[in-house]
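Asks: One structure, as C-alpha cells, below. Some questions next.
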Amino acid sequence: MHEARMRVRFCETDALGHVNNTSYFIYLEDARVQFFEALGYCMSSGDWPFILARATCDFRGQAYFNEHLIIKTSVMKIGKKSFTVHHEITEQESGRLIAQGEAVIVTYNFKTEETEEMPDHLVDQLKNYAVRINI
C-alpha cells in the first residue's frame with residue numbers, strides 16, 4: 001500500500017464549508033502521481049506509458065479546510081494491459097473515512113495511439129502493492 005499525505009486548502013472548500021466534490025478527484029490524481037513515482041516513473045509527457053480509463057469516487061464523510069488527509073493506494077486488479085487501483089482517503093488525526101475511489105489505468109503508447117501489454121517489471125512492481133479489497 002502506498003500512502004500520500006495532503007492538507008486541505010481553503011480554495012478546495014465550497015460555500016457549505018466542506019471540501020467540494022471535484023477536489024477529491026484532484027487528491028486522487030495527486031496520490032496516483034506519487035504512486036507512479038514510487039514505481040519509478042518520472043512525470044514526463046515525452047515517454048509517459050499510462051492513460052486513465054476510468055475514475056470513481058464515493059463520498060463517505062466530509063473534510064474541511066486545514067485538515068490533513070491520508071490517501072492510501074492499493075492495487076486491486078492486474079490485467080494484461082491495465083490495472084485497477086483503490087484509493088481510501090481518511091482524516092489523519094481521527095482516522096475518519098472521507099472517501100473511497102477507484103481508477104483503471106491502461107498502458108498506452110501515445111505515438112501509435114494504441115494500448116500495450118504491461119512489461120513484466122511493471123507487473124512485478126504492482127504486485128508489491130496488491131491487496132484484496134471488497135468495496
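Ordered as shown in the C-alpha cells, chains take letters A, B, and onward, while each chain numbers its residues from 1 and ligands are numbered from 1 in the order shown.
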Could you pull the residues within 9 Å of stretch 36-43 of chain A, counting only C-alpha atoms, minus those fewer than 4 positions along the same chain, as a VMD selection string?

Replies: chain A and resid 2 31 to 32 47 to 49 122 125 to 126

Asks: Pick out each residue of stretch 74-130 of chain A that DSSP on the backbone tags as helix (DSSP H, G or I); I need them as a PyMOL selection string.

Replies: chain A and resi 120-127

Asks: Please provide as a list in words all residues within 8 Å of A:Glu102, with the sequence filter that same-chain residues fewer than 4 positions apart are discarded (counting only C-alpha atoms).

Replies: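 Selected residues are Arg54, Ala55, Thr56, Cys57, Thr84, Val85, His86 and His87 of chain A.
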
Asks: Determine the nearest neighbour of A:Lys127 from the options A:Tyr24, A:Ile51, A:Arg7, A:Gly79, counting only C-alpha atoms.

Replies: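 Among the listed residues, A:Gly79 lies closest to A:Lys127.
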
Asks: Would you please extract all strand (DSSP E) residues from stretch 3-81 of chain A, as assigned by DSSP on the backbone, and give them as a ChimeraX atom specification?

Replies: /A:3-7,50-59,68-78

Asks: Go ahead and write the residues just picked, N, CA, C and O atoms, as a CSV table (one decimal), in the first residue's frame.

Replies:
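Final output, out.csv:
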```csv
chain,number,residue,atom,x,y,z
A,3,GLU,N,1.1,5.4,0.6
A,3,GLU,CA,0.4,6.5,1.3
A,3,GLU,C,0.9,7.8,0.8
A,3,GLU,O,2.1,8.1,0.6
A,4,ALA,N,-0.1,8.7,0.5
A,4,ALA,CA,0.2,10.1,0.2
A,4,ALA,C,-0.5,11.0,1.2
A,4,ALA,O,-1.5,10.6,1.7
A,5,ARG,N,0.1,12.1,1.5
A,5,ARG,CA,-0.5,13.0,2.5
A,5,ARG,C,-0.7,14.4,1.9
A,5,ARG,O,0.2,14.8,1.2
A,6,MET,N,-1.8,15.0,2.3
A,6,MET,CA,-2.1,16.3,1.8
A,6,MET,C,-2.9,17.1,2.8
A,6,MET,O,-3.5,16.5,3.7
A,7,ARG,N,-2.8,18.4,2.7
A,7,ARG,CA,-3.6,19.3,3.6
A,7,ARG,C,-4.6,20.0,2.8
A,7,ARG,O,-4.4,20.4,1.7
A,50,PHE,N,1.0,5.6,-19.5
A,50,PHE,CA,-0.3,5.3,-18.9
A,50,PHE,C,-1.3,6.3,-19.4
A,50,PHE,O,-1.1,7.5,-19.7
A,51,ILE,N,-2.6,5.8,-19.4
A,51,ILE,CA,-3.7,6.7,-19.6
A,51,ILE,C,-4.8,6.2,-18.7
A,51,ILE,O,-5.0,5.0,-18.3
A,52,LEU,N,-5.5,7.2,-18.2
A,52,LEU,CA,-6.6,6.9,-17.2
A,52,LEU,C,-7.9,6.6,-18.0
A,52,LEU,O,-8.4,7.4,-18.8
A,53,ALA,N,-8.4,5.4,-17.8
A,53,ALA,CA,-9.6,4.9,-18.5
A,53,ALA,C,-10.9,5.1,-17.7
A,53,ALA,O,-12.0,5.3,-18.3
A,54,ARG,N,-10.7,5.2,-16.4
A,54,ARG,CA,-11.9,5.3,-15.5
A,54,ARG,C,-11.5,5.8,-14.1
A,54,ARG,O,-10.5,5.4,-13.6
A,55,ALA,N,-12.3,6.7,-13.6
A,55,ALA,CA,-12.1,7.1,-12.2
A,55,ALA,C,-13.4,7.3,-11.5
A,55,ALA,O,-14.4,7.9,-12.1
A,56,THR,N,-13.5,6.8,-10.3
A,56,THR,CA,-14.8,7.0,-9.5
A,56,THR,C,-14.4,7.4,-8.1
A,56,THR,O,-13.2,7.3,-7.6
A,57,CYS,N,-15.4,8.0,-7.4
A,57,CYS,CA,-15.1,8.4,-6.0
A,57,CYS,C,-16.5,8.3,-5.3
A,57,CYS,O,-17.5,8.9,-5.7
A,58,ASP,N,-16.5,7.6,-4.2
A,58,ASP,CA,-17.6,7.5,-3.3
A,58,ASP,C,-17.4,8.3,-2.1
A,58,ASP,O,-16.4,8.1,-1.4
A,59,PHE,N,-18.2,9.3,-1.8
A,59,PHE,CA,-18.1,10.2,-0.7
A,59,PHE,C,-18.7,9.6,0.6
A,59,PHE,O,-19.9,9.3,0.6
A,68,HIS,N,-5.7,17.4,7.6
A,68,HIS,CA,-4.6,16.7,7.0
A,68,HIS,C,-5.2,15.3,6.6
A,68,HIS,O,-5.8,14.6,7.4
A,69,LEU,N,-5.1,15.0,5.3
A,69,LEU,CA,-5.6,13.8,4.8
A,69,LEU,C,-4.5,12.8,4.4
A,69,LEU,O,-3.4,13.1,4.0
A,70,ILE,N,-4.9,11.5,4.6
A,70,ILE,CA,-4.0,10.4,4.1
A,70,ILE,C,-4.8,9.7,3.0
A,70,ILE,O,-5.9,9.3,3.2
A,71,ILE,N,-4.1,9.5,1.9
A,71,ILE,CA,-4.7,8.7,0.8
A,71,ILE,C,-3.8,7.5,0.6
A,71,ILE,O,-2.7,7.5,0.2
A,72,LYS,N,-4.5,6.3,0.9
A,72,LYS,CA,-3.8,5.0,0.7
A,72,LYS,C,-4.2,4.5,-0.7
A,72,LYS,O,-5.4,4.4,-1.0
A,73,THR,N,-3.2,4.0,-1.4
A,73,THR,CA,-3.4,3.5,-2.7
A,73,THR,C,-3.0,2.1,-2.8
A,73,THR,O,-1.8,1.8,-2.4
A,74,SER,N,-3.8,1.2,-3.2
A,74,SER,CA,-3.5,-0.2,-3.3
A,74,SER,C,-3.9,-0.7,-4.7
A,74,SER,O,-4.8,-0.2,-5.4
A,75,VAL,N,-3.3,-1.8,-5.2
A,75,VAL,CA,-3.6,-2.4,-6.5
A,75,VAL,C,-4.7,-3.5,-6.2
A,75,VAL,O,-4.4,-4.4,-5.4
A,76,MET,N,-5.8,-3.4,-6.9
A,76,MET,CA,-6.9,-4.3,-6.8
A,76,MET,C,-6.9,-5.4,-7.8
A,76,MET,O,-7.2,-6.6,-7.6
A,77,LYS,N,-6.5,-5.0,-9.0
A,77,LYS,CA,-6.5,-6.0,-10.1
A,77,LYS,C,-5.4,-5.7,-11.1
A,77,LYS,O,-5.1,-4.5,-11.4
A,78,ILE,N,-4.8,-6.7,-11.6
A,78,ILE,CA,-3.7,-6.6,-12.6
A,78,ILE,C,-4.1,-7.4,-13.8
A,78,ILE,O,-4.3,-8.6,-13.7
```

Asks: Any chance you could tabulate, as JSON lines, the residues of stretch 63-109 of chain A at most 12 Å from stretch 12-15 of chain A with each one's nearest atom pair and distance in Å to one decimal, using only C-alpha atoms, in chain and rising number order?

Replies:
```
{"residue": "A:Ala63", "atom": "CA", "partner": "A:Thr13", "partner_atom": "CA", "distance": 8.7}
{"residue": "A:Tyr64", "atom": "CA", "partner": "A:Thr13", "partner_atom": "CA", "distance": 7.0}
{"residue": "A:Phe65", "atom": "CA", "partner": "A:Thr13", "partner_atom": "CA", "distance": 6.6}
{"residue": "A:Asn66", "atom": "CA", "partner": "A:Thr13", "partner_atom": "CA", "distance": 10.0}
{"residue": "A:Glu67", "atom": "CA", "partner": "A:Thr13", "partner_atom": "CA", "distance": 11.2}
```

Asks: Work out how far apart atom CA of A:Asn20 and atom CA of A:Val8 are and give it in Å to one decimal.

Replies: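 According to the coordinates, atom CA of A:Asn20 and atom CA of A:Val8 are separated by 10.6 Å.
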
Asks: Neighbouring residues of A:Leu97 were defined as those with any atom within 8 Å, considering only C-alpha atoms; residues of the same chain fewer than 5 positions away were excluded. Please report them as a ChimeraX atom specification.

Replies: /A:60-61,88-91

Asks: Just how far from atom CA of A:Gln62 is atom CA of A:Ile98, in Å to one decimal?

Replies: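 So the two atoms, atom CA of A:Ile98 and atom CA of A:Gln62, lie 5.8 Å apart.
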
Asks: Between A:Gly101, A:Tyr108, A:Asn128, A:Val123, which one has atoms that come closest to A:Ile26, using only C-alpha atoms?

Replies: A:Gly101
